file work_6.txt (compact mmCIF, C-alpha atoms and all ligand atoms)
# COMPACT_ATOMS: atom_id res chain seq x y z
CA MET M 220 61.17 -11.83 -17.05
CA LYS M 221 57.71 -10.31 -16.97
CA ILE M 222 55.22 -13.08 -16.18
CA GLY M 223 51.60 -12.07 -16.61
CA ALA M 224 49.98 -15.37 -15.65
CA LEU M 225 50.74 -18.93 -14.66
CA ASP M 226 48.83 -22.14 -15.29
CA LYS M 227 50.33 -24.57 -12.80
CA PHE M 228 48.95 -27.73 -14.35
CA SER M 229 47.88 -28.36 -17.92
CA LEU M 230 47.36 -31.65 -19.71
CA ILE M 231 46.43 -30.25 -23.09
CA ASP M 232 49.11 -27.80 -24.22
CA TYR M 233 52.11 -30.12 -24.57
CA SER M 234 50.78 -33.45 -25.72
CA GLY M 235 51.65 -36.33 -23.44
CA TYR M 236 53.18 -34.20 -20.67
CA THR M 237 51.93 -32.57 -17.50
CA THR M 238 52.93 -28.97 -18.01
CA THR M 239 53.21 -25.69 -16.15
CA ILE M 240 52.54 -22.77 -18.48
CA ILE M 241 54.29 -19.45 -18.07
CA PHE M 242 52.54 -16.58 -19.88
CA THR M 243 54.95 -13.71 -20.56
CA GLN M 244 53.83 -10.10 -20.93
CA GLY M 245 54.38 -8.17 -24.13
CA CYS M 246 54.11 -8.87 -27.83
CA ASN M 247 55.46 -7.17 -30.94
CA PHE M 248 52.36 -8.16 -32.95
CA ARG M 249 48.83 -6.81 -32.68
CA CYS M 250 46.82 -9.60 -34.28
CA PRO M 251 43.30 -8.14 -34.11
CA PHE M 252 41.80 -11.52 -33.18
CA CYS M 253 44.33 -12.27 -30.39
CA HIS M 254 42.47 -13.59 -27.37
CA ASN M 255 45.13 -12.51 -24.84
CA PRO M 256 44.88 -8.70 -24.81
CA GLU M 257 45.98 -8.65 -21.15
CA LEU M 258 49.35 -10.11 -22.27
CA VAL M 259 49.71 -7.90 -25.35
CA LEU M 260 48.44 -4.41 -24.50
CA PRO M 261 50.61 -2.72 -21.84
CA GLU M 262 47.66 -0.79 -20.44
CA GLN M 263 46.07 -4.13 -19.51
CA PHE M 264 49.14 -5.66 -17.84
CA GLU M 265 48.73 -6.86 -14.26
CA GLU M 266 51.53 -6.74 -11.68
CA PRO M 267 54.00 -9.39 -12.92
CA ILE M 268 54.46 -12.64 -11.01
CA PRO M 269 58.08 -12.85 -9.77
CA PHE M 270 60.08 -15.59 -11.52
CA LYS M 271 61.52 -16.70 -8.18
CA ASN M 272 58.00 -17.72 -7.03
CA VAL M 273 57.53 -19.78 -10.19
CA PHE M 274 60.97 -21.32 -9.80
CA GLU M 275 60.27 -22.30 -6.17
CA PHE M 276 57.05 -23.95 -7.31
CA LEU M 277 58.92 -25.86 -10.03
CA LYS M 278 61.58 -26.98 -7.55
CA LYS M 279 58.88 -28.43 -5.30
CA ARG M 280 57.13 -30.17 -8.19
CA LYS M 281 60.33 -31.65 -9.62
CA GLY M 282 59.63 -35.26 -10.61
CA LEU M 283 55.84 -34.69 -10.40
CA LEU M 284 55.46 -32.44 -13.43
CA ASP M 285 57.08 -33.13 -16.79
CA ALA M 286 57.39 -29.86 -18.63
CA VAL M 287 57.32 -26.07 -18.66
CA GLU M 288 55.86 -24.09 -21.53
CA PHE M 289 56.72 -20.49 -22.32
CA THR M 290 53.93 -18.73 -24.13
CA GLY M 291 52.59 -15.21 -24.26
CA GLY M 292 52.57 -12.62 -25.48
CA GLU M 293 55.82 -13.33 -27.28
CA PRO M 294 58.31 -15.05 -24.94
CA THR M 295 61.39 -14.35 -27.10
CA LEU M 296 61.04 -10.64 -26.29
CA GLN M 297 62.06 -11.37 -22.69
CA ILE M 298 65.77 -10.61 -22.54
CA ASP M 299 66.39 -13.26 -19.87
CA LEU M 300 64.38 -16.03 -21.55
CA LEU M 301 67.44 -18.21 -22.22
CA ASP M 302 68.71 -17.74 -18.65
CA LYS M 303 65.37 -18.82 -17.27
CA MET M 304 65.28 -21.80 -19.63
CA ARG M 305 68.74 -22.83 -18.38
CA ASP M 306 67.54 -22.64 -14.76
CA ILE M 307 64.46 -24.72 -15.53
CA LYS M 308 66.37 -27.25 -17.64
CA ALA M 309 68.76 -27.74 -14.72
CA LEU M 310 65.77 -29.01 -12.71
CA GLY M 311 65.19 -31.66 -15.37
CA TYR M 312 62.04 -30.30 -17.04
CA LYS M 313 61.20 -30.53 -20.70
CA ILE M 314 60.61 -27.12 -22.27
CA LYS M 315 58.12 -26.06 -24.91
CA LEU M 316 58.37 -22.65 -26.52
CA ASP M 317 55.56 -20.86 -28.34
CA THR M 318 56.71 -18.10 -30.67
CA ASN M 319 55.53 -15.85 -33.47
CA GLY M 320 58.86 -16.37 -35.24
CA THR M 321 60.15 -12.80 -35.13
CA ASN M 322 63.29 -13.66 -33.17
CA PRO M 323 65.15 -16.47 -34.95
CA GLU M 324 68.35 -15.52 -33.10
CA VAL M 325 66.83 -16.46 -29.74
CA VAL M 326 65.25 -19.61 -31.18
CA ARG M 327 68.61 -20.64 -32.69
CA LYS M 328 70.40 -20.24 -29.35
CA ALA M 329 67.69 -22.17 -27.50
CA ILE M 330 68.03 -25.04 -29.99
CA SER M 331 71.82 -25.06 -30.09
CA GLU M 332 72.07 -25.10 -26.29
CA ASN M 333 69.46 -27.90 -26.05
CA LEU M 334 67.22 -25.65 -23.96
CA VAL M 335 64.06 -26.45 -25.85
CA ASP M 336 62.34 -29.76 -26.62
CA TYR M 337 59.36 -28.55 -28.65
CA ILE M 338 58.67 -25.35 -30.56
CA ALA M 339 55.24 -24.21 -31.69
CA MET M 340 55.39 -21.37 -34.18
CA ASP M 341 52.39 -19.38 -35.34
CA VAL M 342 52.35 -18.87 -39.08
CA LYS M 343 49.93 -16.01 -39.42
CA GLY M 344 49.37 -16.21 -43.15
CA SER M 345 51.16 -15.82 -46.45
CA ILE M 346 54.15 -13.49 -46.55
CA GLU M 347 52.07 -11.05 -48.63
CA ARG M 348 49.38 -10.70 -45.95
CA TYR M 349 51.57 -10.96 -42.85
CA ASP M 350 51.43 -7.26 -41.90
CA GLU M 351 47.67 -7.13 -42.25
CA ILE M 352 47.08 -10.25 -40.14
CA ALA M 353 49.72 -9.40 -37.49
CA GLY M 354 48.44 -5.82 -37.29
CA VAL M 355 51.96 -4.32 -37.56
CA PRO M 356 54.75 -4.15 -40.18
CA VAL M 357 56.64 -7.45 -39.93
CA ASN M 358 60.19 -8.36 -40.98
CA LYS M 359 59.25 -11.25 -43.24
CA GLU M 360 62.85 -12.43 -43.67
CA LYS M 361 62.89 -13.23 -39.94
CA ILE M 362 59.68 -15.20 -40.29
CA LYS M 363 61.12 -17.26 -43.16
CA GLU M 364 64.36 -17.73 -41.25
CA SER M 365 62.48 -19.04 -38.20
CA ILE M 366 60.41 -21.42 -40.31
CA ASN M 367 63.50 -22.92 -41.94
CA LEU M 368 65.43 -23.03 -38.70
CA ILE M 369 62.64 -24.83 -36.87
CA LYS M 370 62.02 -27.26 -39.73
CA ASN M 371 65.70 -28.12 -40.01
CA SER M 372 66.94 -28.12 -36.45
CA ALA M 373 64.24 -28.10 -33.75
CA PRO M 374 64.11 -31.38 -31.81
CA ASP M 375 60.34 -31.41 -32.33
CA TYR M 376 57.91 -28.79 -33.55
CA GLU M 377 54.64 -27.68 -35.01
CA PHE M 378 53.45 -24.76 -37.08
CA ARG M 379 49.93 -23.52 -36.62
CA THR M 380 47.51 -20.97 -37.99
CA THR M 381 44.45 -19.42 -36.41
CA LEU M 382 42.02 -19.03 -39.28
CA ILE M 383 40.02 -15.86 -39.79
CA ARG M 384 37.32 -15.43 -42.38
CA GLY M 385 38.41 -12.65 -44.72
CA PHE M 386 42.12 -13.31 -44.11
CA HIS M 387 42.39 -17.00 -44.97
CA ASP M 388 41.00 -18.46 -48.17
CA GLU M 389 42.09 -21.18 -50.60
CA THR M 390 44.71 -18.97 -52.28
CA GLU M 391 46.12 -18.03 -48.90
CA MET M 392 46.35 -21.68 -47.86
CA GLU M 393 48.25 -22.53 -51.07
CA LYS M 394 50.79 -19.87 -50.17
CA ILE M 395 51.06 -21.01 -46.56
CA GLY M 396 51.53 -24.60 -47.77
CA LYS M 397 54.39 -23.50 -49.98
CA LEU M 398 55.92 -21.44 -47.16
CA ILE M 399 56.04 -24.38 -44.73
CA SER M 400 56.44 -27.16 -47.31
CA ASN M 401 57.54 -30.54 -45.89
CA ALA M 402 56.61 -29.49 -42.34
CA LYS M 403 56.28 -32.41 -39.96
CA ARG M 404 53.21 -31.05 -38.17
CA TYR M 405 50.78 -28.23 -38.96
CA TYR M 406 47.56 -27.39 -37.13
CA ILE M 407 44.77 -25.11 -38.22
CA GLN M 408 42.06 -23.85 -35.90
CA ASN M 409 39.17 -21.42 -35.85
CA ALA M 410 39.55 -18.29 -33.74
CA HIS M 411 37.44 -17.51 -30.67
CA PHE M 412 36.33 -13.95 -30.23
CA ASP M 413 35.26 -13.65 -26.59
CA LYS M 414 37.95 -11.02 -25.95
CA THR M 415 40.26 -9.59 -28.60
CA VAL M 416 43.19 -7.22 -28.99
CA LYS M 417 41.18 -5.13 -31.44
CA PRO M 418 38.00 -4.35 -29.51
CA ASN M 419 34.88 -6.01 -30.91
CA PHE M 420 36.78 -7.81 -33.68
CA LYS M 421 34.50 -10.65 -34.76
CA ARG M 422 34.16 -12.87 -37.83
CA HIS M 423 31.97 -15.86 -38.47
CA PRO M 424 33.95 -19.07 -37.91
CA LEU M 425 34.87 -21.10 -40.96
CA THR M 426 32.89 -24.29 -41.48
CA LYS M 427 34.31 -27.73 -40.77
CA GLU M 428 34.12 -28.46 -44.52
CA THR M 429 36.24 -25.38 -45.25
CA LEU M 430 38.83 -26.44 -42.69
CA ILE M 431 38.98 -29.92 -44.23
CA LYS M 432 39.43 -28.35 -47.68
CA PHE M 433 42.19 -26.05 -46.36
CA CYS M 434 44.05 -29.02 -44.90
CA GLU M 435 43.82 -30.84 -48.24
CA ILE M 436 45.35 -27.81 -49.98
CA VAL M 437 48.26 -27.61 -47.55
CA LYS M 438 48.86 -31.38 -47.74
CA LYS M 439 49.82 -30.97 -51.42
CA PHE M 440 53.05 -29.45 -50.10
CA ASN M 441 53.92 -32.57 -48.10
CA VAL M 442 52.71 -30.95 -44.89
CA ASN M 443 51.06 -33.10 -42.23
CA CYS M 444 48.00 -30.93 -41.58
CA GLU M 445 45.41 -31.51 -38.86
CA ILE M 446 42.43 -29.57 -37.57
CA ARG M 447 42.59 -28.61 -33.90
CA GLY M 448 39.73 -27.74 -31.59
S1 LIG M 501 48.12 -13.86 -31.28
FE1 LIG M 501 49.39 -12.21 -32.14
S2 LIG M 501 49.19 -10.47 -30.72
FE2 LIG M 501 48.47 -12.31 -29.64
S3 LIG M 501 50.23 -13.08 -28.53
FE3 LIG M 501 50.19 -14.17 -30.49
S4 LIG M 501 51.46 -12.97 -31.88
FE4 LIG M 501 50.99 -11.66 -30.09

call {"tool": "encode", "arguments": {"input": "work_6.txt", "output": "structure tokens"}}
result
Amino acid sequence: MKIGALDKFSLIDYSGYTTTIIFTQGCNFRCPFCHNPELVLPEQFEEPIPFKNVFEFLKKRKGLLDAVEFTGGEPTLQIDLLDKMRDIKALGYKIKLDTNGTNPEVVRKAISENLVDYIAMDVKGSIERYDEIAGVPVNKEKIKESINLIKNSAPDYEFRTTLIRGFHDETEMEKIGKLISNAKRYYIQNAHFDKTVKPNFKRHPLTKETLIKFCEIVKKFNVNCEIRG
């Protein structure tokens, strides 16, 4: 597993739990607005942190910390992700997985082996605009498969969208609402552009009123939408 960064203690990423966050290196998307270029662009990768160091830390903190989160980058690209989840589960931690939904096979295995307690999947936009927003050609069938899999079998989950002016409008939100209809939890948030995968990518943030309107649109599809951040 290629670990690009570690946040030993977070109270905000996995609601209700003290969490260690493992940031994996590498992503198969190139969302222009992505604020983690150092985890996405190979030329910006730092020397990876050995998993054994992280595991030793988790062994020592057993009983003091509640959970471990895998985020990235795209964690499901790590070929030993499930092995590492098994090791961490054996210590008694809860596990949260962040994913872009391109690897439903890995997500399915993690769910069926009870390796994951919470899944957060990014829904980039409507199926029609996925390639443009992700910055690469995307297998949309895999995205739909992950959405349905997570809705129907994840122990707990959320979908979420980072909103970008010019990508997301009312029509787009209608389509996203339909795509994730009946979802238990959906968060929308404005992007931050301090550092981005596409250099100097910047858009004006959407107004609070627009975000409220977007949530109302998505709610028509029986989706529990909230604004984050
Ligand atoms: S925002 Fe996009 S490019 Fe960045 S880690 Fe997530 S899926 Fe990858």

call {"tool": "closest_atom_pairs", "arguments": {"input": "work_6.txt", "of": "segment 230-286 of chain M", "to": "segment 307-311 of chain M", "cutoff": "8 Å", "atoms": "all atoms listed in the file", "output": "Markdown table"}}
result
| residue | atom | partner | partner_atom | distance |
| --- | --- | --- | --- | --- |
| M:Phe274 | CA | M:Ile307 | CA | 7.5 |
| M:Leu277 | CA | M:Ile307 | CA | 7.9 |
| M:Lys278 | CA | M:Leu310 | CA | 7.0 |
| M:Lys281 | CA | M:Leu310 | CA | 6.8 |

call {"tool": "closest_residue", "arguments": {"input": "work_6.txt", "among": "M:Phe386, M:Phe276, M:Phe228, M:Tyr349", "to": "ligand LIG 501 (chain M)", "atoms": "only C-alpha atoms and all ligand atoms"}}
result
M:Tyr349

call {"tool": "residues_around", "arguments": {"input": "work_6.txt", "residues": "segment 232-247 of chain M", "least_positions_apart": "5", "cutoff": "6 Å", "atoms": "all atoms listed in the file", "output": "MDAnalysis selection string"}}
result
chainID M and resid 221:227 258:259 284:294

call {"tool": "closest_residue", "arguments": {"input": "work_6.txt", "among": "M:Ile362, M:Leu425, M:Ala402, M:Met340", "to": "Asn441 of chain M", "atoms": "all atoms listed in the file"}}
result
M:Ala402

call {"tool": "closest_residue", "arguments": {"input": "work_6.txt", "among": "M:Asn409, M:Gln263, M:Thr415, M:Thr429", "to": "ligand LIG 501 (chain M)", "atoms": "all atoms listed in the file"}}
result
M:Thr415

call {"tool": "atom_distance", "arguments": {"input": "work_6.txt", "atom1": "atom CA of Gln408 of chain M", "atom2": "atom CA of Leu296 of chain M"}}
result
25.0 Å

call {"tool": "atom_distance", "arguments": {"input": "work_6.txt", "atom1": "atom CA of His423 of chain M", "atom2": "atom CA of Lys438 of chain M"}}
result
24.7 Å

call {"tool": "atom_distance", "arguments": {"input": "work_6.txt", "atom1": "atom S3 of ligand LIG 501 (chain M)", "atom2": "atom CA of Val357 of chain M"}}
result
14.2 Å

call {"tool": "closest_residue", "arguments": {"input": "work_6.txt", "among": "M:Lys271, M:Thr318, M:Ile366, M:Ser331", "to": "Gln297 of chain M", "atoms": "only C-alpha atoms"}}
result
M:Thr318

call {"tool": "closest_residue", "arguments": {"input": "work_6.txt", "among": "M:Val355, M:Leu368, M:Met304, M:Leu430", "to": "ligand LIG 501 (chain M)", "atoms": "all atoms listed in the file"}}
result
M:Val355

call {"tool": "residues_near_point", "arguments": {"input": "work_6.txt", "point": "(66.2, -11.2, -18.1)", "cutoff": "6 Å", "atoms": "only C-alpha atoms", "output": "list in words"}}
result
Met220, Ile298 and Asp299 of chain M
